[in-house]
Amino acid sequence: MSVRRAEGFDVDVVVRRRPRRGDPFVLQAEFGTGAGITVVFGPSGAGKSTLLMAILGAIAPHSGRIVTGGRTLYDSASGTDLAVRHRRVGIVFQDALLFPHLDVAGNVAFGLGATPREERRRGALAALDTVGAREIADLMPAELSGGQRQRVALARALAPGPSALLLDEPFSALDAPSRKALGETLLDLQRSAGVPFLHVTHDLGEAVRLGSDLVVLDAGRVVQVGPPQRVVAAPAAEATARAIGTENLFTGVVRAHFPDRGYSEVDLGGTVVETGLLDVALGRSVALGLRAEDILLAVERVRGTSARNVLAGSIAELSSGTASVEIRVATPVVFRVVVTHEAVEQLGLARGLAVHLLIKAHAFHRLL
Amino acid sequence: MILHALRLSLMASALATAVVAIAGTLTGWLLARREFRGREFLDALLNLPLVLPPTVTGYYLLVVLGRGGLIGSPLYRATGWSVTFTWAACVVAGAVMAFPLMVRAARVAFEETDARHEIAAASLGRGWLSTFVFVSLPLARRGLIAGVILSFARSVGEFGATLMLAGNIPGRTQTLPLAIYDAVISGQDRTAMWLAVMLTAVSVAVMLAAGRLGRPGSTSR
Amino acid sequence: MTPLTECAFATAFRSVAIVAAAVLAGGPGVRAEREDLLVSVAASLKGAMDEVVERYGALYPATEVALNAAASGVLLSQTEHGAPVDLFISASSSEIDRLETKGLVRARQAIASGEIVVAVPKGTSPPGNFAGVADARFGRIAVGNPSTVPVGRYARESLQALGVWEILEPRLVFAADARQVLDWIERGEVDAGVLYGTDALAGSGRVVAGPAAPAGSHARILYEGAVLENSAGARSALHLLEFLRSEAGQEILARRGFLPAPR
């Protein structure tokens, strides 16, 4: 389940927490991911924050190993346990957590060490540039909006040039537009910084949009690791499946816009679909959701419908539930469709059968 | 004599407050941030001078620091010097009585600030001392200043333990509160009243001046 | 830093700072060419001792006398725990007896004797005799705390001998010392009080002194001075003690209402 690649996060730890109230909690996490953004997804209480704190060095694991970007931060076998200040791992918290008594530049310069004041200010301004927040350099944290604060937090964490960056649900306190804008910024930042990011979230849209690797955590255990599309298409664990529900989640690349007609073309990785007009630049990726209940299945090719998307495919799998049946259709991109038992009977739906999917353009909704 | 009492009171209290400010802040931080076995027991122990009558605390200090005491005895044998009946005893008594107030104020001040700030500072490469001075202290500023003011006030008004440990020697260890006591037992009621007024005026003046430091500025949370 | 290290750091820092401050400031450990005497004196003798010391200083300028005045109990604790006292002047013999059993006394002499009286607030009239304090018109009576101060012990002894202690008990209010008894009488907080004749006299005219306790109803009130064993200036202390017993000293004491020292 895990691929040991040196570029990202290579973690294999047992962490025990004994909270003052409640039961003891054990996190047993084992995963290896590549360079890029690793998204850790899971419900509340799954152990995401515990994992972050262990990688940061704020909590001592019981045993195991933590390696990022080839650097060993912790290894109980060899007795390695770097102090937080020696790990060179940055962190961005959900509420930004800027130092309230310093201005923005002061915050960002905080990790820049004992260099002369001029140099530190220049370094801070440069870092603020990369997050597009240079003009607020002299404001106090209390005067900033939520989105601005997170940008400053990112600049502060990245300014000293860390070897990895941890993000603890950094967007969950923001409104939708800010979330979208910062998502873009984060992808750009990671690319230019060239160090692995670990992004914790309970938002599946974020996970799919931002992650190059997805780690699903539930009740202190890693239940699935892999590229987000694959994980979402075939959730191995109940937790993931529960979170996804009957959503289809896709990442696609925007191919064309037709503003006067009101729709855009998106390539989902082999299958091109038409969606409502998207406010995304050409060539950029976008995360789309589509409810399984919103897809119509036809065994014959249908003409003259209002659906903008008529996709040809074949049934890959059927799973019967109590009230309905979930069918996986490969177009080649896999779509999950929900139909009634009657439909299956009447249409004679079975594996291998060639079918058509009818999907309205506006059934696709943008996630991130 | 009165002038000496005033000077001694101010100097001894200032010194005691300085010592308590540092020791109390560090201890308060320790109690707020680090979990260890017996932490609450230590907290309770440190609160004793607040709970016991000052004369009893003074008695314990006398027993420990006097010439025959646990600490006083080796000190006396080594240096021929003992703290009892010296003005240093005024500082000790004032510091011991004020210490629990500072520790409590500091502990609460640090507990009310987010500990994650310190983790963030460490992740940015700062050592413990640097983080303490540039992050922990500024964030807890208001509570710490309140603690220092309280400590000074307690120190200035300290009587029972000072009387026990330092004695009531005019011109040497007689602080303002002791001078008032002295005037009363000598039957000099007018003097006693004026001294009391002076002590009140001094205390109020210092508190007003110090209060300005704690007023919320543009850098508060 | 481990928690233990941090704690030790804080404590050590504090101790060092205190010692350093005291030593650096060059506190009163400086020995002058003059003889330096430290005299612990009970509160009730403070006023008289101030005058005596002034007189003594004028006559014998080579000796510098510092007074340490407090309640007898406090003085006793201090001396027992090694306070550098040369002469201990007490308002009763029992403190000196205690010191003597611990081998701390080099020499002791009585410097005065005294009496206890009933006193009432100005404007009211004192009882005809000492036992008359038990009269119903004195609803609240102040005495020193018999467990802790000599003036209270004498009062209880006397009133018990006169057979009125039980009747009085519910009406008694215990004071921390004679000064407090005087204060309560002056303010009219109590209707009467038992205190030293010297204190009653010292009251600022708002107290009327009444009859004294009959001789023999209580142990002799003896004001004693003791030169302490580990005094550095024992000879000078003895000299001062003798001055107290001399005509000059006795005259000062008598003016304040003390009775002569027994020969």
# chains A, B, ... in the order shown; residues from 1 in each chain; ligands from 1
>>> select_by_dssp(residues="stretch 10-215 of chain B", states="alpha helix (DSSP H)", output="ChimeraX atom specification")
/B:10-33,39-46,48-51,54-65,72-79,87-111,116-123,128-131,137-139,141-156,160-166,176-185,189-213
>>> select_by_dssp(residues="stretch 120-300 of chain A", states="strand (DSSP E)", output="VMD selection string")
chain A and resid 164 to 168 197 to 201 213 to 218 221 to 226 247 to 258 263 to 267 272 to 276 285 to 291 296 to 298
>>> write_last_selection(atoms="C-alpha atoms", output="mmCIF file, in the first residue's frame")
data_model
loop_
_atom_site.group_PDB
_atom_site.id
_atom_site.type_symbol
_atom_site.label_atom_id
_atom_site.label_comp_id
_atom_site.auth_asym_id
_atom_site.auth_seq_id
_atom_site.Cartn_x
_atom_site.Cartn_y
_atom_site.Cartn_z
ATOM 1 C CA ALA A 164 8.996 20.643 4.368
ATOM 2 C CA LEU A 165 5.762 22.492 5.159
ATOM 3 C CA LEU A 166 2.838 21.261 7.240
ATOM 4 C CA LEU A 167 -0.604 22.792 6.918
ATOM 5 C CA ASP A 168 -3.304 22.085 9.497
ATOM 6 C CA PHE A 197 3.861 19.944 1.634
ATOM 7 C CA LEU A 198 1.619 17.991 3.993
ATOM 8 C CA HIS A 199 -1.902 19.405 3.855
ATOM 9 C CA VAL A 200 -4.432 18.206 6.395
ATOM 10 C CA THR A 201 -8.081 18.661 5.560
ATOM 11 C CA ASP A 213 -0.927 11.964 -3.026
ATOM 12 C CA LEU A 214 -3.852 11.286 -0.730
ATOM 13 C CA VAL A 215 -3.523 9.637 2.675
ATOM 14 C CA VAL A 216 -6.793 8.655 4.303
ATOM 15 C CA LEU A 217 -6.696 8.513 8.098
ATOM 16 C CA ASP A 218 -9.439 7.014 10.267
ATOM 17 C CA ARG A 221 -4.858 4.263 11.229
ATOM 18 C CA VAL A 222 -3.923 4.887 7.618
ATOM 19 C CA VAL A 223 -6.636 3.174 5.607
ATOM 20 C CA GLN A 224 -5.664 4.137 2.083
ATOM 21 C CA VAL A 225 -2.833 5.868 0.228
ATOM 22 C CA GLY A 226 -2.619 6.798 -3.418
ATOM 23 C CA GLU A 247 -20.324 12.004 -5.221
ATOM 24 C CA ASN A 248 -18.235 11.558 -8.280
ATOM 25 C CA LEU A 249 -15.080 13.608 -7.850
ATOM 26 C CA PHE A 250 -12.958 14.546 -10.787
ATOM 27 C CA THR A 251 -9.950 16.692 -11.495
ATOM 28 C CA GLY A 252 -9.873 17.947 -15.017
ATOM 29 C CA VAL A 253 -8.020 20.411 -17.200
ATOM 30 C CA VAL A 254 -9.974 23.270 -18.749
ATOM 31 C CA ARG A 255 -9.795 22.976 -22.509
ATOM 32 C CA ALA A 256 -12.025 25.713 -23.845
ATOM 33 C CA HIS A 257 -14.530 28.375 -22.876
ATOM 34 C CA PHE A 258 -17.686 29.360 -24.743
ATOM 35 C CA TYR A 263 -20.395 26.500 -21.108
ATOM 36 C CA SER A 264 -16.809 25.265 -20.776
ATOM 37 C CA GLU A 265 -15.030 22.140 -21.933
ATOM 38 C CA VAL A 266 -13.070 20.088 -19.430
ATOM 39 C CA ASP A 267 -10.870 17.092 -20.095
ATOM 40 C CA VAL A 272 -14.097 15.407 -22.360
ATOM 41 C CA VAL A 273 -17.252 16.892 -20.850
ATOM 42 C CA GLU A 274 -19.170 20.139 -21.117
ATOM 43 C CA THR A 275 -19.894 21.970 -17.909
ATOM 44 C CA GLY A 276 -21.406 25.316 -16.981
ATOM 45 C CA SER A 285 -6.946 22.243 -13.426
ATOM 46 C CA VAL A 286 -10.263 22.299 -11.610
ATOM 47 C CA ALA A 287 -12.025 19.953 -9.185
ATOM 48 C CA LEU A 288 -15.569 18.983 -10.150
ATOM 49 C CA GLY A 289 -18.251 17.063 -8.342
ATOM 50 C CA LEU A 290 -21.159 15.169 -9.851
ATOM 51 C CA ARG A 291 -23.874 13.347 -7.912
ATOM 52 C CA LEU A 296 -29.157 9.019 -16.620
ATOM 53 C CA LEU A 297 -28.342 5.615 -18.069
ATOM 54 C CA ALA A 298 -29.475 4.500 -21.531
#
>>> residues_around(residues="stretch 156-173 of chain C", least_positions_apart="3", cutoff="6 Å", atoms="only C-alpha atoms", output="PyMOL selection string")
chain C and resi 140-142+153+217-218
>>> interface_residues(of="chain B", to="chain C", cutoff="6 Å", atoms="only C-alpha atoms", output="PDB file with C-alpha atoms, in the first residue's frame")
ATOM      1  CA  ALA B  23      11.715  34.081  39.585  1.00  0.00           C
ATOM      2  CA  GLY B  66      18.798  32.219  61.326  1.00  0.00           C
ATOM      3  CA  ARG B  67      22.262  31.407  62.610  1.00  0.00           C
ATOM      4  CA  ALA B  88      18.609  42.071  53.323  1.00  0.00           C
ATOM      5  CA  GLY B 167      13.606  43.008  63.514  1.00  0.00           C
ATOM      6  CA  ASN B 168      12.344  46.523  64.184  1.00  0.00           C
ATOM      7  CA  ILE B 169      15.571  48.536  64.324  1.00  0.00           C
ATOM      8  CA  ILE B 185       3.811  51.186  70.693  1.00  0.00           C
ATOM      9  CA  SER B 186       5.754  54.277  71.702  1.00  0.00           C
TER      10      SER B 186
END
>>> closest_atom_pairs(of="chain A", to="chain B", cutoff="10 Å", atoms="only C-alpha atoms", output="tab-separated table")
residue	atom	partner	partner_atom	distance
A:Met53	CA	B:Ile119	CA	9.5
A:Leu56	CA	B:Ser123	CA	7.4
A:Gly57	CA	B:Ser123	CA	8.7
A:Ala58	CA	B:Ile119	CA	7.0
A:Ala83	CA	B:Ala122	CA	8.6
A:Val84	CA	B:Ser123	CA	5.6
A:Arg85	CA	B:Gly125	CA	4.3
A:His86	CA	B:Gly125	CA	6.4
A:Arg87	CA	B:Ser123	CA	7.3
A:Arg88	CA	B:Ser123	CA	6.5
A:Val89	CA	B:Ser123	CA	6.1
A:Gly90	CA	B:Ser123	CA	5.7
A:Ile91	CA	B:Ala120	CA	6.9
A:Val92	CA	B:Ala120	CA	8.4
A:Phe93	CA	B:Ala120	CA	9.0
A:Leu97	CA	B:His117	CA	6.9
A:Leu98	CA	B:His117	CA	7.9
A:Phe99	CA	B:His117	CA	7.2
A:Pro100	CA	B:Arg221	CA	5.8
A:His101	CA	B:Thr219	CA	4.9
A:Leu102	CA	B:Thr219	CA	7.5
A:Asp103	CA	B:Thr219	CA	9.0
A:Asn107	CA	B:Ala121	CA	10.0
A:Val108	CA	B:Leu124	CA	9.8
A:Ala109	CA	B:Leu124	CA	9.7
A:Phe110	CA	B:Leu124	CA	7.2
A:Gly111	CA	B:Leu124	CA	4.6
A:Leu112	CA	B:Leu124	CA	8.0
A:Gly113	CA	B:Gly125	CA	7.8
A:Met140	CA	B:Thr219	CA	8.2
A:Pro141	CA	B:Arg221	CA	9.6
A:Ala142	CA	B:Arg221	CA	8.0
A:Arg156	CA	B:Leu124	CA	8.3
A:Ala157	CA	B:Leu124	CA	6.9
A:Leu158	CA	B:Leu124	CA	9.2
A:Ala159	CA	B:Leu124	CA	9.0
A:Pro160	CA	B:Leu124	CA	7.1
A:Gly161	CA	B:Leu124	CA	9.6
A:Pro162	CA	B:Leu124	CA	8.5
>>> residues_around(residues="C:Leu259", least_positions_apart="6", cutoff="6 Å", atoms="only C-alpha atoms", output="list in words")
Ala112, Ser113 and Gly114 of chain C
>>> residues_around(residues="stretch 228-243 of chain C", least_positions_apart="4", cutoff="6 Å", atoms="only C-alpha atoms", output="JSON, numbers by chain")
{"C": [86, 87, 104, 105, 106, 249]}
>>> residues_around(residues="stretch 52-65 of chain B", least_positions_apart="5", cutoff="8 Å", atoms="only C-alpha atoms", output="list in words")
Leu70, Ile71, Gly72, Ser73, Ser82, Val83, Thr84, Ala93, Met97, Phe159, Gly160, Ala161, Thr162, Leu163, Met164 and Leu165 of chain B; Ser77, Gln78 and His81 of chain C
>>> closest_residue(among="B:Leu208, B:Ala5, B:Val103, B:Phe85", to="B:Leu42", atoms="only C-alpha atoms")
B:Val103
>>> atom_distance(atom1="atom CA of A:Leu367", atom2="atom CA of A:Pro228")
14.0 Å
>>> residues_around(residues="A:Val299", least_positions_apart="4", cutoff="8 Å", atoms="only C-alpha atoms", output="list in words")
Leu347, Ala354, Val355 and His356 of chain A
